[in-house]
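Trainee: Structure file final27.cif (mmCIF, C-alpha atoms) is given on the next line.
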```cif
data_coords
#
loop_
_atom_site.label_atom_id
_atom_site.label_comp_id
_atom_site.auth_asym_id
_atom_site.auth_seq_id
_atom_site.Cartn_x
_atom_site.Cartn_y
_atom_site.Cartn_z
CA MET A 1 -20.16 9.50 13.54
CA ALA A 2 -18.74 7.18 16.24
CA GLU A 3 -15.36 8.22 17.63
CA GLU A 4 -13.63 5.14 16.18
CA ASN A 5 -15.13 5.73 12.74
CA ARG A 6 -14.23 9.43 12.97
CA PHE A 7 -10.60 8.54 13.71
CA GLU A 8 -10.49 6.10 10.79
CA HIS A 9 -12.09 8.67 8.48
CA ILE A 10 -9.50 11.30 9.42
CA ALA A 11 -6.61 8.85 9.02
CA ASN A 12 -7.86 7.83 5.59
CA HIS A 13 -8.32 11.48 4.56
CA LEU A 14 -4.73 12.31 5.53
CA ARG A 15 -3.38 9.11 4.00
CA ARG A 16 -4.99 9.95 0.65
CA ALA A 17 -3.72 13.54 0.85
CA ILE A 18 -0.20 12.18 1.29
CA LEU A 19 -0.62 9.79 -1.65
CA ARG A 20 -1.95 12.54 -3.93
CA GLY A 21 0.91 14.83 -2.98
CA ASP A 22 -1.36 17.41 -1.35
CA LEU A 23 0.87 16.82 1.69
CA PRO A 24 4.34 16.31 0.19
CA PRO A 25 7.33 14.80 2.03
CA GLY A 26 8.55 17.11 4.76
CA ALA A 27 5.29 19.07 4.91
CA PRO A 28 4.09 19.83 8.45
CA ILE A 29 0.76 18.44 9.58
CA LYS A 30 -0.67 20.99 11.98
CA GLU A 31 -3.10 19.32 14.34
CA ARG A 32 -5.20 22.41 15.09
CA ASP A 33 -5.42 23.66 11.50
CA ASN A 34 -6.27 20.26 10.04
CA ALA A 35 -8.87 19.60 12.74
CA ALA A 36 -10.52 22.96 12.02
CA GLU A 37 -10.45 22.36 8.27
CA MET A 38 -12.16 18.97 8.67
CA GLY A 39 -14.59 20.21 11.32
CA VAL A 40 -13.45 17.69 13.96
CA SER A 41 -11.97 17.93 17.42
CA ARG A 42 -8.23 17.70 18.01
CA THR A 43 -8.47 14.38 19.86
CA PRO A 44 -9.37 12.14 16.90
CA MET A 45 -7.01 14.22 14.70
CA ARG A 46 -4.18 13.52 17.15
CA GLU A 47 -5.00 9.79 17.16
CA ALA A 48 -5.13 9.70 13.36
CA ILE A 49 -1.70 11.35 13.13
CA ARG A 50 -0.30 8.84 15.60
CA GLN A 51 -1.71 6.03 13.49
CA LEU A 52 0.00 7.41 10.39
CA ALA A 53 3.21 7.70 12.38
CA ASN A 54 2.91 4.02 13.31
CA GLU A 55 2.51 3.27 9.60
CA GLY A 56 5.65 5.22 8.76
CA LEU A 57 3.82 7.87 6.74
CA VAL A 58 4.37 10.61 9.32
CA THR A 59 7.34 11.53 11.50
CA LEU A 60 6.56 12.82 14.99
CA ARG A 61 8.75 15.58 16.44
CA PRO A 62 8.98 16.71 20.09
CA ALA A 63 7.25 20.07 20.67
CA ARG A 64 6.87 20.60 16.92
CA SER A 65 4.28 19.71 14.29
CA PRO A 66 4.69 16.22 12.79
CA ILE A 67 5.82 16.09 9.19
CA VAL A 68 5.16 13.78 6.24
CA ALA A 69 7.90 11.15 6.25
CA ASP A 70 10.56 11.08 3.54
CA PRO A 71 12.47 7.80 4.01
CA PRO A 72 15.68 7.14 2.03
CA TRP A 73 15.68 4.55 -0.75
CA SER A 74 17.90 2.20 1.27
CA GLU A 75 15.19 1.91 3.94
CA VAL A 76 12.41 1.48 1.39
CA ALA A 77 14.38 -1.15 -0.54
CA ASP A 78 14.91 -3.24 2.60
CA CYS A 79 11.19 -3.10 3.34
CA VAL A 80 10.31 -4.12 -0.24
CA ASP A 81 12.60 -7.16 -0.01
CA VAL A 82 10.87 -8.30 3.17
CA LEU A 83 7.44 -7.59 1.70
CA ARG A 84 8.31 -9.71 -1.35
CA THR A 85 9.29 -12.60 0.91
CA LEU A 86 6.01 -12.30 2.83
CA GLU A 87 3.88 -12.20 -0.32
CA LEU A 88 5.70 -15.20 -1.81
CA LEU A 89 5.07 -17.15 1.40
CA SER A 90 1.45 -16.06 1.47
CA GLY A 91 0.97 -17.29 -2.10
CA ASP A 92 2.43 -20.67 -1.23
CA GLN A 93 0.18 -21.03 1.80
CA ALA A 94 -2.90 -19.65 0.03
CA CYS A 95 -2.54 -22.39 -2.60
CA ALA A 96 -2.81 -24.96 0.17
CA ARG A 97 -5.27 -23.28 2.50
CA ALA A 98 -7.56 -20.90 0.60
CA SER A 99 -11.15 -21.93 0.03
CA ALA A 100 -12.57 -21.91 -3.48
CA GLU A 101 -14.77 -19.00 -2.42
CA GLU A 102 -11.78 -16.99 -1.23
CA ILE A 103 -10.01 -17.53 -4.54
CA GLU A 104 -13.07 -16.34 -6.43
CA ASP A 105 -13.26 -13.29 -4.16
CA ILE A 106 -9.65 -12.49 -5.12
CA ALA A 107 -10.55 -12.92 -8.79
CA ALA A 108 -13.53 -10.60 -8.32
CA ILE A 109 -11.26 -7.80 -7.07
CA GLN A 110 -9.25 -8.04 -10.28
CA VAL A 111 -12.42 -8.04 -12.39
CA LYS A 112 -13.54 -4.91 -10.52
CA MET A 113 -10.17 -3.23 -11.13
CA GLU A 114 -10.36 -3.83 -14.86
CA ALA A 115 -14.01 -2.77 -15.09
CA GLN A 116 -13.50 0.49 -13.18
CA ALA A 117 -9.97 1.45 -14.24
CA ALA A 118 -11.08 4.05 -16.76
CA GLU A 119 -13.59 5.66 -14.39
CA ILE A 120 -11.84 5.95 -11.01
CA ASP A 121 -8.90 8.07 -9.85
CA GLN A 122 -5.40 6.72 -9.37
CA VAL A 123 -5.65 6.56 -5.58
CA THR A 124 -8.84 4.47 -5.71
CA LEU A 125 -7.31 2.18 -8.33
CA PHE A 126 -4.24 1.76 -6.14
CA GLU A 127 -6.41 0.90 -3.15
CA LEU A 128 -8.10 -1.83 -5.20
CA ASP A 129 -4.67 -3.11 -6.23
CA MET A 130 -3.63 -3.35 -2.57
CA GLU A 131 -6.96 -5.01 -1.74
CA PHE A 132 -6.03 -7.72 -4.27
CA HIS A 133 -2.67 -8.37 -2.63
CA ILE A 134 -4.07 -8.22 0.90
CA ALA A 135 -6.77 -10.75 -0.03
CA ILE A 136 -4.10 -13.24 -1.14
CA VAL A 137 -2.24 -12.78 2.14
CA ASN A 138 -5.48 -13.21 4.12
CA ALA A 139 -6.15 -16.43 2.21
CA SER A 140 -2.96 -17.88 3.72
CA HIS A 141 -4.84 -18.19 7.04
CA ASN A 142 -1.56 -17.45 8.80
CA SER A 143 -2.31 -14.79 11.43
CA THR A 144 1.34 -13.94 12.07
CA LEU A 145 1.97 -13.49 8.37
CA ILE A 146 -1.20 -11.42 7.95
CA ASP A 147 -0.33 -9.05 10.81
CA THR A 148 3.29 -8.63 9.72
CA HIS A 149 2.31 -8.00 6.12
CA ARG A 150 -0.33 -5.44 7.14
CA ALA A 151 2.19 -3.46 9.20
CA LEU A 152 4.86 -3.51 6.50
CA LEU A 153 2.43 -2.67 3.70
CA ALA A 154 1.23 0.34 5.69
CA ARG A 155 4.84 1.51 6.01
CA LEU A 156 5.31 1.17 2.25
CA TRP A 157 1.92 2.62 1.32
CA ARG A 158 3.15 5.90 -0.15
CA SER A 159 6.31 4.45 -1.71
CA ARG A 160 4.40 1.62 -3.33
CA TYR A 161 1.81 4.04 -4.71
CA LEU A 162 4.45 6.30 -6.20
CA GLY A 163 6.30 3.34 -7.67
CA SER A 164 3.14 1.93 -9.18
CA ARG A 165 2.66 5.15 -11.16
CA GLU A 166 6.22 5.15 -12.50
CA GLY A 167 6.15 3.78 -16.02
CA ARG A 168 2.87 2.07 -15.20
CA ASN A 169 1.66 -0.39 -17.81
CA GLN A 170 -1.93 -1.09 -16.83
CA ALA A 171 -2.34 -3.91 -19.34
CA ARG A 172 0.72 -5.66 -17.90
CA VAL A 173 -0.51 -5.26 -14.33
CA PHE A 174 -3.89 -6.74 -15.22
CA ARG A 175 -2.28 -9.60 -17.13
CA GLN A 176 -0.04 -10.42 -14.16
CA HIS A 177 -2.96 -10.26 -11.74
CA ASN A 178 -4.95 -12.62 -13.96
CA ASP A 179 -1.98 -14.99 -14.17
CA ILE A 180 -1.78 -14.94 -10.36
CA VAL A 181 -5.48 -15.79 -10.13
CA ALA A 182 -5.07 -18.63 -12.65
CA ALA A 183 -2.22 -20.13 -10.63
CA LEU A 184 -4.29 -19.86 -7.45
CA ARG A 185 -7.24 -21.61 -9.07
CA ASP A 186 -4.93 -24.40 -10.20
CA ARG A 187 -3.35 -24.59 -6.74
CA ASP A 188 0.01 -24.35 -8.51
CA ALA A 189 2.26 -22.92 -5.79
CA GLU A 190 5.43 -22.95 -7.89
CA ARG A 191 3.81 -21.03 -10.76
CA LEU A 192 2.13 -18.65 -8.33
CA GLN A 193 5.44 -17.81 -6.67
CA ASP A 194 6.97 -17.14 -10.07
CA GLU A 195 4.09 -14.81 -11.03
CA ILE A 196 4.16 -12.91 -7.72
CA GLY A 197 7.96 -12.69 -7.86
CA GLN A 198 7.93 -11.16 -11.35
CA HIS A 199 5.12 -8.78 -10.41
CA LEU A 200 6.97 -7.43 -7.37
CA ALA A 201 10.35 -7.31 -9.13
CA ILE A 202 8.90 -4.85 -11.65
CA LEU A 203 7.38 -2.82 -8.83
CA LYS A 204 10.75 -2.55 -7.08
CA GLN A 205 12.36 -1.34 -10.31
CA GLN A 206 9.65 1.30 -10.66
CA MET A 207 10.07 2.41 -7.04
CA HIS A 208 13.84 2.61 -7.46
CA HIS A 209 13.45 4.75 -10.58
CA TYR A 210 11.01 7.07 -8.84
CA PHE A 211 13.32 7.60 -5.87
CA HIS A 212 16.31 8.34 -8.07
CA GLN A 213 14.29 10.86 -10.04
CA ASN A 214 12.40 12.54 -7.23
CA SER A 215 13.65 11.76 -3.73
CA THR A 216 15.20 14.48 -1.62
CA GLU A 217 17.40 11.75 -0.16
CA LEU A 218 19.31 10.85 -3.33
CA ASN A 219 22.61 10.97 -1.51
CA LYS A 220 21.41 8.03 0.58
CA ALA A 221 20.17 5.92 -2.36
#
```
Take the structure in the file and write it out as C-alpha cells.
Mentor:
Amino acid sequence: MAEENRFEHIANHLRRAILRGDLPPGAPIKERDNAAEMGVSRTPMREAIRQLANEGLVTLRPARSPIVADPPWSEVADCVDVLRTLELLSGDQACARASAEEIEDIAAIQVKMEAQAAEIDQVTLFELDMEFHIAIVNASHNSTLIDTHRALLARLWRSRYLGSREGRNQARVFRQHNDIVAALRDRDAERLQDEIGQHLAILKQQMHHYFHQNSTELNKA
C-alpha cells in the first residue's frame, strides 16, 4: 500500500472508531499501541492523528498522548450555524451552475441510500448521507465554498453523526433528500433553500438533544 493510501486508511479507521464510540470522547490515542494493532509504522499513524486533529476530532497534547475531542455544545452550535449558511449558499449556486449529469449523480446517491439502508451499518449509511450533501456543495462550482465546507464538515463529523442518530426518522430523511433533488432538478433555488433549511434545522435540534443528554460538557451548553 502506498504511503499516502496507508495514511488515509489509518485516518479513516480511526475516524470510524470515533464515530462508533470505540474511541469515546476523552479517550487517549496511543500512537505506538495503535500502530502495532494495525500492523503499520508509527509515521503514517502520527500523520493520521494529525489529520484528525486538523479536523477537530482529536486534541493534541504536549508530551502526552492525544485524546478524542469533546467540544462543548456552544462550539458545535456555532459551527452548525455556519455550516447551514454554507449549504444554503451551495444549494443556490448549484441550481444555477450544476450540470444535469451532476444533479442526476446527486439523485443516484439518494437512491443508493434508500436501496442499501436495511443492509449497511449506521456509519456507512451516515457516510452516504454526507456524500449526498458534499455532492450538492461540489455542484456549486465555487472552490472557496467547497474548501470551507469540507473543513467545517470534517470538524462536525462526529457531532453530526451522533445527532443524526438521535430520534432518527429514516423515512423523513429520505423524503427530505428526495424533495431536495426535486428542487434541484427544477432549478428552483427558493424551494431548494427552504428544503435544505428545514433538513438542517431538524439536525441541529437532534444534535442539541444529544449533547444535553450525553455530553460531559453540559455546564457549557
Trainee: Enter the distance from CA of Tyr161 (chain A) to CA of Leu52 (chain A), in Å, rounded to one decimal.
Mentor: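 Straight-line distance from CA of Tyr161 (chain A) to CA of Leu52 (chain A) works out to 15.6 Å.
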Trainee: To one decimal place in Å, what is the distance between CA of Pro72 (chain A) and CA of Gln206 (chain A)?
Mentor: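 Rounded to one decimal, the two atoms are 15.2 Å apart.
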Trainee: Counting all atoms listed in the file, figure out which residue out of A:Val40, A:Ala98, A:Ile106, A:Leu162 gets nearest to Asn214 (chain A).
Mentor: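 Answer, going by the shortest atom-to-atom distance: A:Leu162.
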Trainee: With only C-alpha atoms as the atoms that count, which of A:Gln110, A:Ser140, A:Asn169, A:Ser159 lies nearest to Tyr210 (chain A)?
Mentor: A:Ser159
Trainee: Quick one, how far is CA of Thr144 (chain A) from CA of Ala96 (chain A)?
Mentor: 16.7 Å
Trainee: Residues within 8 Å of Leu152 (chain A), please, as a ChimeraX atom specification. Count only C-alpha atoms; anything in the same chain fewer than 6 positions from it doesn't count.
Mentor: /A:55,79,83
Trainee: Just the residues within 6 Å of region 3-14 of chain A, please, counting all atoms listed in the file, with nothing from its chain fewer than 3 positions along; format it as an mmCIF file with C-alpha atoms, keeping the file's coordinate frame.
Mentor:
```cif
data_model
loop_
_atom_site.group_PDB
_atom_site.id
_atom_site.type_symbol
_atom_site.label_atom_id
_atom_site.label_comp_id
_atom_site.auth_asym_id
_atom_site.auth_seq_id
_atom_site.Cartn_x
_atom_site.Cartn_y
_atom_site.Cartn_z
ATOM 1 C CA ALA A 17 -3.720 13.540 0.850
ATOM 2 C CA PRO A 44 -9.370 12.140 16.900
ATOM 3 C CA ALA A 48 -5.130 9.700 13.360
#
```
Trainee: What would region 142-158 of chain A look like with N, CA, C and O atoms in place, written as a compact mmCIF listing (two decimals), in the coordinates of the input?
Mentor:
```txt
# COMPACT_ATOMS: atom_id res chain seq x y z
N ASN A 142 -2.71 -17.47 7.89
CA ASN A 142 -1.56 -17.45 8.80
C ASN A 142 -1.60 -16.09 9.50
O ASN A 142 -1.22 -15.07 8.92
N SER A 143 -2.06 -16.07 10.74
CA SER A 143 -2.31 -14.79 11.43
C SER A 143 -1.03 -13.98 11.63
O SER A 143 -1.05 -12.74 11.52
N THR A 144 0.08 -14.66 11.90
CA THR A 144 1.34 -13.94 12.07
C THR A 144 1.76 -13.29 10.77
O THR A 144 2.18 -12.12 10.73
N LEU A 145 1.64 -14.02 9.69
CA LEU A 145 1.97 -13.49 8.37
C LEU A 145 1.06 -12.32 8.01
O LEU A 145 1.51 -11.29 7.51
N ILE A 146 -0.22 -12.47 8.27
CA ILE A 146 -1.20 -11.42 7.95
C ILE A 146 -0.88 -10.13 8.70
O ILE A 146 -0.86 -9.05 8.12
N ASP A 147 -0.61 -10.24 10.00
CA ASP A 147 -0.33 -9.05 10.81
C ASP A 147 0.97 -8.38 10.39
O ASP A 147 1.05 -7.15 10.32
N THR A 148 2.00 -9.19 10.13
CA THR A 148 3.29 -8.63 9.72
C THR A 148 3.19 -7.95 8.37
O THR A 148 3.74 -6.86 8.16
N HIS A 149 2.48 -8.59 7.44
CA HIS A 149 2.31 -8.00 6.12
C HIS A 149 1.53 -6.69 6.20
O HIS A 149 1.88 -5.70 5.54
N ARG A 150 0.49 -6.64 7.01
CA ARG A 150 -0.33 -5.44 7.14
C ARG A 150 0.52 -4.27 7.63
O ARG A 150 0.45 -3.15 7.10
N ALA A 151 1.35 -4.52 8.65
CA ALA A 151 2.19 -3.46 9.20
C ALA A 151 3.22 -2.97 8.19
O ALA A 151 3.44 -1.77 8.03
N LEU A 152 3.83 -3.89 7.46
CA LEU A 152 4.86 -3.51 6.50
C LEU A 152 4.25 -2.82 5.28
O LEU A 152 4.80 -1.85 4.75
N LEU A 153 3.09 -3.30 4.84
CA LEU A 153 2.43 -2.67 3.70
C LEU A 153 2.04 -1.24 4.04
O LEU A 153 2.16 -0.33 3.20
N ALA A 154 1.57 -1.02 5.26
CA ALA A 154 1.23 0.34 5.69
C ALA A 154 2.46 1.24 5.63
O ALA A 154 2.38 2.40 5.20
N ARG A 155 3.60 0.73 6.03
CA ARG A 155 4.84 1.51 6.01
C ARG A 155 5.26 1.85 4.59
O ARG A 155 5.88 2.89 4.34
N LEU A 156 4.93 0.98 3.65
CA LEU A 156 5.31 1.17 2.25
C LEU A 156 4.21 1.80 1.41
O LEU A 156 4.35 1.91 0.19
N TRP A 157 3.12 2.19 2.05
CA TRP A 157 1.92 2.62 1.32
C TRP A 157 2.24 3.71 0.30
O TRP A 157 1.93 3.59 -0.88
N ARG A 158 2.85 4.80 0.76
CA ARG A 158 3.15 5.90 -0.15
C ARG A 158 4.18 5.50 -1.20
O ARG A 158 4.01 5.79 -2.40
```
